[in-house]
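Colleague: Here it is: the structure, laid out below.
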Amino acid sequence: MIRIAAVGDVHMDRDVLGRFRPALEELPDRADVLLLAGDLTRHGTEEEARCVATEFGNLGVPVVAVLGNHDHHRDEVPQVIRALETAGIVVLEGTNLVLDCGGVRLGVAGAKGFGGGFAGRCASEFGEPEMKAFIRTTQAIADQLGEALREMDCDVRVALTHYAPVPDTLAGEPLEIYPFLGSYLLGQAIDSAPTELALHGHAHAGSERGSTPGGVRVRNVAHPVIKQAYSVFHLYPPYAGTGARVSAAGETGSS
Amino acid sequence: MNGRAQGDTEPPDDYLEAAIQRLLTEHNAIAEQGLTVTRRDHSLVVCGEVESAQRREEILRLVLERFPNLPVTVDIGLIRTEAPSTVEELR
């Protein structure tokens, strides 16, 4: 069994320092890894990232993160990543990491993701350069995520994003802003590999549970949604990645 | 609708609602995208949850500073940060 703790959208700054720490100190007894689903800071400053490092670093379990839109706001992404890495937090940007959890190889592939909307109600690569750039950005990130998931040599695959891969976990958000909250392209990438679980944040007014068209379970772990320091998920064998079950085998393909 | 007098306690309209929503996101001291702004009969309610009491106070202060004559109710809670009492078993 693998134990995964996760939270997103903690929006750290000096005023939040210490709020999460008592619950985080319990993590070594509760989880094998902590995944952070983006929007770790308020504005994406190096100083705020140092607050994240202080609060979420050196926990006694591996900490793996993706960035969110807030973490990009000040255009200080390299400094933010450096501050997180100084505290041992691994930041995934279309990349992956395989961890040994008691003999089980847990593979985490992560990317921030981006918007665009969901099947039948989504942006297309058509028209003005700005619109084409918008959807190309999402497609490129989704392609990286899919490849990062598929190339891992591991027993259990978990996808970590900030933006939502499915509309299920947006329930509660205004329908009008769904295209700014996620994209079906992320779900398609997740379904291109035998993924066990997909975690995301970003949708503060969304809901916790959903699944991809391919049957991968999706959980929205945005802090305002889970209303606790982190959620914990227990994953049991047989794992999809060991070949016992194949949730989807399709190519990511173009749309 | 457009015949209303432009009084100081004018009920909030669409444009004011949009202005407050953008203030909540774009003001450097707030940067909150997860709050909702809802118009009631004669007032405007800012709802949601934030990470600290200071942020809640700052939102109230800045909204009142920017729109001093607007009847605003700020109904914002703090997000709990306790350790979880249950786990989700995914079998």
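Each chain of the structure tokens is named A, B, ... in the order shown, its residues numbered from 1; ligands are numbered from 1 in display order.
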Kindly determine which residues of chain B lie within 10 Å of chain A, considering only C-alpha atoms, and give the answer as an NGL selection string.
Modeller: :B and (28-36 or 48-55 or 78-91)
Colleague: Atoms to include: N, CA and C atoms. Write the selected residues as a PDB file, in the first residue's frame.
Modeller:
```
ATOM      1  N   ASN B  28      -2.350  44.184  -5.390  1.00  0.00           N
ATOM      2  CA  ASN B  28      -1.176  43.468  -4.912  1.00  0.00           C
ATOM      3  C   ASN B  28      -1.335  42.945  -3.486  1.00  0.00           C
ATOM      4  N   ALA B  29      -2.116  43.635  -2.686  1.00  0.00           N
ATOM      5  CA  ALA B  29      -2.251  43.226  -1.284  1.00  0.00           C
ATOM      6  C   ALA B  29      -3.341  42.171  -1.093  1.00  0.00           C
ATOM      7  N   ILE B  30      -4.035  41.820  -2.153  1.00  0.00           N
ATOM      8  CA  ILE B  30      -5.098  40.814  -2.029  1.00  0.00           C
ATOM      9  C   ILE B  30      -4.743  39.561  -2.843  1.00  0.00           C
ATOM     10  N   ALA B  31      -4.763  39.654  -4.174  1.00  0.00           N
ATOM     11  CA  ALA B  31      -4.412  38.522  -5.048  1.00  0.00           C
ATOM     12  C   ALA B  31      -5.241  37.281  -4.763  1.00  0.00           C
ATOM     13  N   GLU B  32      -6.539  37.470  -4.575  1.00  0.00           N
ATOM     14  CA  GLU B  32      -7.422  36.335  -4.323  1.00  0.00           C
ATOM     15  C   GLU B  32      -8.337  36.130  -5.527  1.00  0.00           C
ATOM     16  N   GLN B  33      -8.262  34.951  -6.128  1.00  0.00           N
ATOM     17  CA  GLN B  33      -9.137  34.630  -7.253  1.00  0.00           C
ATOM     18  C   GLN B  33     -10.319  33.768  -6.838  1.00  0.00           C
ATOM     19  N   GLY B  34     -10.284  33.277  -5.613  1.00  0.00           N
ATOM     20  CA  GLY B  34     -11.298  32.301  -5.207  1.00  0.00           C
ATOM     21  C   GLY B  34     -12.473  32.892  -4.445  1.00  0.00           C
ATOM     22  N   LEU B  35     -12.561  34.215  -4.390  1.00  0.00           N
ATOM     23  CA  LEU B  35     -13.669  34.826  -3.655  1.00  0.00           C
ATOM     24  C   LEU B  35     -14.832  35.116  -4.601  1.00  0.00           C
ATOM     25  N   THR B  36     -16.037  35.051  -4.079  1.00  0.00           N
ATOM     26  CA  THR B  36     -17.195  35.364  -4.913  1.00  0.00           C
ATOM     27  C   THR B  36     -17.800  36.689  -4.458  1.00  0.00           C
ATOM     28  N   GLY B  48     -16.153  33.755   0.796  1.00  0.00           N
ATOM     29  CA  GLY B  48     -15.091  32.808   0.491  1.00  0.00           C
ATOM     30  C   GLY B  48     -14.246  32.521   1.705  1.00  0.00           C
ATOM     31  N   GLU B  49     -13.074  31.942   1.463  1.00  0.00           N
ATOM     32  CA  GLU B  49     -12.160  31.604   2.547  1.00  0.00           C
ATOM     33  C   GLU B  49     -10.746  32.004   2.156  1.00  0.00           C
ATOM     34  N   VAL B  50      -9.982  32.457   3.134  1.00  0.00           N
ATOM     35  CA  VAL B  50      -8.597  32.870   2.888  1.00  0.00           C
ATOM     36  C   VAL B  50      -7.676  32.197   3.900  1.00  0.00           C
ATOM     37  N   GLU B  51      -6.370  32.405   3.705  1.00  0.00           N
ATOM     38  CA  GLU B  51      -5.383  31.668   4.503  1.00  0.00           C
ATOM     39  C   GLU B  51      -5.001  32.342   5.819  1.00  0.00           C
ATOM     40  N   SER B  52      -5.387  33.602   6.025  1.00  0.00           N
ATOM     41  CA  SER B  52      -5.022  34.239   7.293  1.00  0.00           C
ATOM     42  C   SER B  52      -6.021  35.332   7.659  1.00  0.00           C
ATOM     43  N   ALA B  53      -6.099  35.626   8.959  1.00  0.00           N
ATOM     44  CA  ALA B  53      -6.988  36.690   9.437  1.00  0.00           C
ATOM     45  C   ALA B  53      -6.547  38.045   8.895  1.00  0.00           C
ATOM     46  N   GLN B  54      -5.226  38.225   8.731  1.00  0.00           N
ATOM     47  CA  GLN B  54      -4.722  39.489   8.187  1.00  0.00           C
ATOM     48  C   GLN B  54      -5.264  39.729   6.781  1.00  0.00           C
ATOM     49  N   ARG B  55      -5.348  38.668   5.992  1.00  0.00           N
ATOM     50  CA  ARG B  55      -5.848  38.823   4.614  1.00  0.00           C
ATOM     51  C   ARG B  55      -7.315  39.219   4.616  1.00  0.00           C
ATOM     52  N   LEU B  78     -11.649  31.597   7.582  1.00  0.00           N
ATOM     53  CA  LEU B  78     -10.281  31.087   7.507  1.00  0.00           C
ATOM     54  C   LEU B  78     -10.331  29.607   7.153  1.00  0.00           C
ATOM     55  N   ILE B  79      -9.451  29.183   6.266  1.00  0.00           N
ATOM     56  CA  ILE B  79      -9.435  27.768   5.887  1.00  0.00           C
ATOM     57  C   ILE B  79      -8.749  26.973   6.994  1.00  0.00           C
ATOM     58  N   ARG B  80      -9.388  25.903   7.419  1.00  0.00           N
ATOM     59  CA  ARG B  80      -8.835  25.101   8.507  1.00  0.00           C
ATOM     60  C   ARG B  80      -7.549  24.396   8.063  1.00  0.00           C
ATOM     61  N   THR B  81      -6.631  24.212   9.008  1.00  0.00           N
ATOM     62  CA  THR B  81      -5.340  23.590   8.684  1.00  0.00           C
ATOM     63  C   THR B  81      -5.015  22.417   9.611  1.00  0.00           C
ATOM     64  N   GLU B  82      -6.065  21.761  10.119  1.00  0.00           N
ATOM     65  CA  GLU B  82      -5.821  20.586  10.952  1.00  0.00           C
ATOM     66  C   GLU B  82      -5.383  19.402  10.079  1.00  0.00           C
ATOM     67  N   ALA B  83      -4.720  18.444  10.714  1.00  0.00           N
ATOM     68  CA  ALA B  83      -4.399  17.190  10.026  1.00  0.00           C
ATOM     69  C   ALA B  83      -5.709  16.463   9.736  1.00  0.00           C
ATOM     70  N   PRO B  84      -5.755  15.664   8.671  1.00  0.00           N
ATOM     71  CA  PRO B  84      -7.012  14.989   8.334  1.00  0.00           C
ATOM     72  C   PRO B  84      -7.388  13.943   9.382  1.00  0.00           C
ATOM     73  N   SER B  85      -8.673  13.788   9.606  1.00  0.00           N
ATOM     74  CA  SER B  85      -9.137  12.779  10.564  1.00  0.00           C
ATOM     75  C   SER B  85      -9.431  11.448   9.875  1.00  0.00           C
ATOM     76  N   THR B  86      -9.517  11.463   8.547  1.00  0.00           N
ATOM     77  CA  THR B  86      -9.744  10.224   7.795  1.00  0.00           C
ATOM     78  C   THR B  86      -8.840  10.204   6.569  1.00  0.00           C
ATOM     79  N   VAL B  87      -8.669   9.008   6.004  1.00  0.00           N
ATOM     80  CA  VAL B  87      -7.955   8.897   4.734  1.00  0.00           C
ATOM     81  C   VAL B  87      -8.929   8.345   3.708  1.00  0.00           C
ATOM     82  N   GLU B  88      -8.635   8.562   2.427  1.00  0.00           N
ATOM     83  CA  GLU B  88      -9.463   7.959   1.380  1.00  0.00           C
ATOM     84  C   GLU B  88      -8.774   6.697   0.882  1.00  0.00           C
ATOM     85  N   GLU B  89      -9.454   5.580   1.014  1.00  0.00           N
ATOM     86  CA  GLU B  89      -8.915   4.297   0.566  1.00  0.00           C
ATOM     87  C   GLU B  89      -9.292   4.118  -0.899  1.00  0.00           C
ATOM     88  N   LEU B  90      -8.309   4.059  -1.770  1.00  0.00           N
ATOM     89  CA  LEU B  90      -8.568   3.889  -3.203  1.00  0.00           C
ATOM     90  C   LEU B  90      -8.198   2.462  -3.593  1.00  0.00           C
ATOM     91  N   ARG B  91      -9.191   1.637  -3.696  1.00  0.00           N
ATOM     92  CA  ARG B  91      -8.948   0.224  -4.020  1.00  0.00           C
ATOM     93  C   ARG B  91      -9.358  -0.063  -5.447  1.00  0.00           C
TER      94      ARG B  91
END
```
Colleague: Using DSSP assignments from the backbone, pull out every residue in chain B that falls under strand (DSSP E or B) and give it to me as a list of chain:residue names.
Modeller: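 Those in chain B that DSSP calls strand (DSSP E or B) are B:Thr36, B:Val37, B:Thr38, B:Arg39, B:Leu44, B:Val45, B:Val46, B:Cys47, B:Gly48, B:Glu49, B:Val50, B:Val72, B:Thr73, B:Val74, B:Asp75, B:Ile76, B:Gly77, B:Leu78, B:Glu88, B:Glu89, B:Leu90.
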Colleague: Nearest to Leu92 (chain A) among A:Gly57, A:Ala31, A:Val66, A:Val158, with distances taken over only C-alpha atoms: which residue is it?
Modeller: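 Between A:Gly57, A:Ala31, A:Val66, A:Val158, the residue approaching Leu92 (chain A) most closely is A:Val66.
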